[in-house]
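Structure first, commentary second.
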Amino acid sequence: MNPMMDISLNTLLLSLKENNSDLHSSAMKELENRYGTENAGIIYDILRGKETGLDLESPVIFAWAGEEEKNKLKAAVAYARETDMMPIDSIMEIYRCEDELLPIIAKELIIQQLSDYIYYLIYYCYPTCTKDYVNDLYCVGICGLLEAMDSYDSKVWSLKLYSRNLVIREIVRYARAFGFGKPSFGGETQNKEGFDAWKESIFR
């Protein structure tokens, strides 16, 4: 049984665009399960249209599929071609796969996408925090983010909004244990320009 058997076609095709060989392999296997090895190869080549020169509007594209399935494939390929970053909801589909490796890959993708958000929440709580402590606060913030993934419901929240309190809780808990004092929680001087300047000083 392929762990991606319940994954939507959109997420399956987006997975083929990610620079992760294990995710790519699992997605390709599921595509082969659904459409056969030869047709899966054709779908992948069409997905890579800019490299292969295959035109999505060509009348011979997906000629082996029925009209409804052909339209579904065209829409999914067009969507995947136009989407540069995998949406959070698609990553969460992968996270919920019953597999040992795929949820780990999904966590890595979430961390990549929300890394800057974690740094922002550190700044939001402790705008005077120096780079000596940022890595530790970042790590505990990630713990809050990963905890949020377990109970996140995309029908009710965005992951950013849902994880916010959990991330802040972990940051503040750690900071208090090491005598950081009270968090400021977004003082008047904290804005995008201030965050950008703070982040530059941290990574200088």
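In the structure tokens, chains take letters A, B, ... by order of appearance, with residues numbered from 1 within each chain and ligands from 1 in the order shown.
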When you look at A:Gln113 with a cut-off of 9 Å (counting only C-alpha atoms), what residues show up, excluding the ones that are within fewer than 5 positions of it in the same chain? I need them as a short mmCIF file (atom, residue, chain, number, x, y, z; two decimals) with N, CA and C atoms, in the first residue's frame.
data_model
loop_
_atom_site.label_atom_id
_atom_site.label_comp_id
_atom_site.auth_asym_id
_atom_site.auth_seq_id
_atom_site.Cartn_x
_atom_site.Cartn_y
_atom_site.Cartn_z
N MET A 85 5.44 27.61 -4.38
CA MET A 85 5.65 27.08 -3.03
C MET A 85 4.46 26.23 -2.63
N ILE A 88 0.43 25.26 2.61
CA ILE A 88 0.44 24.59 3.91
C ILE A 88 -0.52 23.40 3.93
N GLU A 108 9.79 19.27 7.82
CA GLU A 108 10.89 20.06 7.25
C GLU A 108 10.36 21.15 6.33
#
query: Neighbours of A:Glu69 within 12 Å (only C-alpha atoms; same-chain residues fewer than 6 positions away dropped), as an NGL selection string?
result: :A and (9 or 34-35 or 61-63 or 75-76)
task: Considering only C-alpha atoms, return as an MDAnalysis selection string whatever protein or nucleic-acid residues lie within 9 Å of A:Thr130, sequence-local ones (same chain, fewer than 4 positions apart) excluded.
output: chainID A and resid 134 198 201:202
Dump C-alpha atoms for the selected residues as an mmCIF file, in the first residue's frame?
data_model
loop_
_atom_site.group_PDB
_atom_site.id
_atom_site.type_symbol
_atom_site.label_atom_id
_atom_site.label_comp_id
_atom_site.auth_asym_id
_atom_site.auth_seq_id
_atom_site.Cartn_x
_atom_site.Cartn_y
_atom_site.Cartn_z
ATOM 1 C CA VAL A 134 18.243 33.511 19.344
ATOM 2 C CA TRP A 198 16.862 43.247 14.290
ATOM 3 C CA SER A 201 21.878 42.341 13.401
ATOM 4 C CA ILE A 202 21.242 38.745 14.448
#
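Picture a line from atom CA of A:Lys160 to atom CA of A:Tyr95; it runs 16.2 Å.
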With only C-alpha atoms counted and 12 Å as the cut-off, give the residues of stretch 66-181 of chain A in contact with stretch 191-196 of chain A, each with its shortest interatomic distance in Å and the pair that gives it, as JSON lines.
{"residue": "A:Asp116", "atom": "CA", "partner": "A:Phe195", "partner_atom": "CA", "distance": 10.4}
{"residue": "A:Tyr117", "atom": "CA", "partner": "A:Phe195", "partner_atom": "CA", "distance": 10.9}
{"residue": "A:Ile118", "atom": "CA", "partner": "A:Phe195", "partner_atom": "CA", "distance": 11.9}
{"residue": "A:Tyr119", "atom": "CA", "partner": "A:Phe195", "partner_atom": "CA", "distance": 8.9}
{"residue": "A:Tyr120", "atom": "CA", "partner": "A:Phe195", "partner_atom": "CA", "distance": 6.9}
{"residue": "A:Leu121", "atom": "CA", "partner": "A:Phe195", "partner_atom": "CA", "distance": 9.9}
{"residue": "A:Ile122", "atom": "CA", "partner": "A:Phe195", "partner_atom": "CA", "distance": 9.9}
{"residue": "A:Tyr123", "atom": "CA", "partner": "A:Phe195", "partner_atom": "CA", "distance": 6.7}
{"residue": "A:Tyr124", "atom": "CA", "partner": "A:Phe195", "partner_atom": "CA", "distance": 8.4}
{"residue": "A:Cys125", "atom": "CA", "partner": "A:Phe195", "partner_atom": "CA", "distance": 11.5}
{"residue": "A:Tyr126", "atom": "CA", "partner": "A:Phe195", "partner_atom": "CA", "distance": 11.0}
{"residue": "A:Pro127", "atom": "CA", "partner": "A:Phe195", "partner_atom": "CA", "distance": 8.0}
{"residue": "A:Thr128", "atom": "CA", "partner": "A:Phe195", "partner_atom": "CA", "distance": 10.6}
{"residue": "A:Cys129", "atom": "CA", "partner": "A:Phe195", "partner_atom": "CA", "distance": 11.6}
Export N, CA, C and O atoms of the chosen residues as a PDB file, in the first residue's frame?
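So out16.pdb came out as:
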ATOM      1  N   ASP A 116      10.845  32.259   9.101  1.00  0.00           N
ATOM      2  CA  ASP A 116      10.874  33.702   9.333  1.00  0.00           C
ATOM      3  C   ASP A 116       9.804  34.118  10.347  1.00  0.00           C
ATOM      4  O   ASP A 116      10.006  35.065  11.116  1.00  0.00           O
ATOM      5  N   TYR A 117       8.687  33.407  10.344  1.00  0.00           N
ATOM      6  CA  TYR A 117       7.605  33.695  11.286  1.00  0.00           C
ATOM      7  C   TYR A 117       8.051  33.407  12.716  1.00  0.00           C
ATOM      8  O   TYR A 117       7.713  34.165  13.643  1.00  0.00           O
ATOM      9  N   ILE A 118       8.809  32.343  12.914  1.00  0.00           N
ATOM     10  CA  ILE A 118       9.327  32.026  14.245  1.00  0.00           C
ATOM     11  C   ILE A 118      10.251  33.150  14.722  1.00  0.00           C
ATOM     12  O   ILE A 118      10.164  33.598  15.872  1.00  0.00           O
ATOM     13  N   TYR A 119      11.112  33.606  13.822  1.00  0.00           N
ATOM     14  CA  TYR A 119      12.002  34.709  14.193  1.00  0.00           C
ATOM     15  C   TYR A 119      11.196  35.972  14.529  1.00  0.00           C
ATOM     16  O   TYR A 119      11.544  36.709  15.459  1.00  0.00           O
ATOM     17  N   TYR A 120      10.135  36.202  13.771  1.00  0.00           N
ATOM     18  CA  TYR A 120       9.303  37.369  14.060  1.00  0.00           C
ATOM     19  C   TYR A 120       8.695  37.275  15.462  1.00  0.00           C
ATOM     20  O   TYR A 120       8.638  38.274  16.194  1.00  0.00           O
ATOM     21  N   LEU A 121       8.225  36.085  15.847  1.00  0.00           N
ATOM     22  CA  LEU A 121       7.616  35.935  17.166  1.00  0.00           C
ATOM     23  C   LEU A 121       8.643  36.087  18.290  1.00  0.00           C
ATOM     24  O   LEU A 121       8.312  36.546  19.381  1.00  0.00           O
ATOM     25  N   ILE A 122       9.887  35.714  18.020  1.00  0.00           N
ATOM     26  CA  ILE A 122      10.953  35.974  19.001  1.00  0.00           C
ATOM     27  C   ILE A 122      11.113  37.485  19.175  1.00  0.00           C
ATOM     28  O   ILE A 122      11.171  38.005  20.288  1.00  0.00           O
ATOM     29  N   TYR A 123      11.150  38.184  18.048  1.00  0.00           N
ATOM     30  CA  TYR A 123      11.267  39.650  18.081  1.00  0.00           C
ATOM     31  C   TYR A 123      10.054  40.280  18.745  1.00  0.00           C
ATOM     32  O   TYR A 123      10.180  41.236  19.519  1.00  0.00           O
ATOM     33  N   TYR A 124       8.879  39.719  18.458  1.00  0.00           N
ATOM     34  CA  TYR A 124       7.630  40.213  19.041  1.00  0.00           C
ATOM     35  C   TYR A 124       7.662  40.129  20.567  1.00  0.00           C
ATOM     36  O   TYR A 124       7.189  41.028  21.268  1.00  0.00           O
ATOM     37  N   CYS A 125       8.245  39.049  21.075  1.00  0.00           N
ATOM     38  CA  CYS A 125       8.315  38.854  22.535  1.00  0.00           C
ATOM     39  C   CYS A 125       9.512  39.559  23.165  1.00  0.00           C
ATOM     40  O   CYS A 125       9.399  40.162  24.241  1.00  0.00           O
ATOM     41  N   TYR A 126      10.674  39.466  22.503  1.00  0.00           N
ATOM     42  CA  TYR A 126      11.917  39.976  23.079  1.00  0.00           C
ATOM     43  C   TYR A 126      12.719  40.737  22.021  1.00  0.00           C
ATOM     44  O   TYR A 126      13.705  40.219  21.494  1.00  0.00           O
ATOM     45  N   PRO A 127      12.300  41.963  21.703  1.00  0.00           N
ATOM     46  CA  PRO A 127      12.962  42.726  20.631  1.00  0.00           C
ATOM     47  C   PRO A 127      14.410  43.091  20.915  1.00  0.00           C
ATOM     48  O   PRO A 127      15.139  43.474  20.004  1.00  0.00           O
ATOM     49  N   THR A 128      14.828  42.976  22.171  1.00  0.00           N
ATOM     50  CA  THR A 128      16.225  43.281  22.503  1.00  0.00           C
ATOM     51  C   THR A 128      17.077  42.014  22.604  1.00  0.00           C
ATOM     52  O   THR A 128      18.247  42.082  22.977  1.00  0.00           O
ATOM     53  N   CYS A 129      16.490  40.888  22.270  1.00  0.00           N
ATOM     54  CA  CYS A 129      17.220  39.615  22.331  1.00  0.00           C
ATOM     55  C   CYS A 129      18.427  39.652  21.385  1.00  0.00           C
ATOM     56  O   CYS A 129      18.329  40.080  20.241  1.00  0.00           O
TER      57      CYS A 129
END
message: To test your reading of the structure, identify every residue in chain A that backbone DSSP assigns to alpha helix (DSSP H), and report it as a ChimeraX atom specification.
response: /A:9-17,21-35,37-47,49-52,67-82,88-95,102-125,131-151,159-177,192-202
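The space between atom CA of A:Ala197 and atom CA of A:Ser163 spans 24.6 Å.
The shortest atom-to-atom distance to A:Leu13, with only C-alpha atoms taken into account, belongs to A:Thr83 out of A:Trp64, A:Met1, A:Thr83, A:Ser58.
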- prompt: Near A:Arg176, within 12 Å and counting only C-alpha atoms, which residues show up once chain neighbours fewer than 6 positions away are dropped, as an MDAnalysis selection string?
  reply: chainID A and resid 125:126 137 168:170 182:183
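Straight-line separation from atom CA of A:Leu145 to atom CA of A:Lys107: 9.3 Å.
Distances here use only C-alpha atoms; by that measure, the residue among A:Cys97, A:Ala78, A:Ala177, A:Ile142 closest to A:Met4 is A:Cys97.
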field: Who sits within 9 Å of A:Ile105, only C-alpha atoms, same chain under 4 positions skipped, as number ranges by chain
entry: A: 20, 22-23, 91, 94-95, 101, 109-110
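Nearest residue to A:Met92 among A:Met5, A:Leu146, A:Ile42, A:Leu161 is A:Leu146, counting only C-alpha atoms.
The smallest atom-to-atom distance between A:Glu57 and any of A:Val77, A:Asp99, A:Asn33, A:Asp89, using only C-alpha atoms, is found for A:Val77.
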query: Using only C-alpha atoms, which of A:Ala106, A:Cys143, A:Ala27, A:Val167 sits nearest A:Asp6?
result: A:Ala27
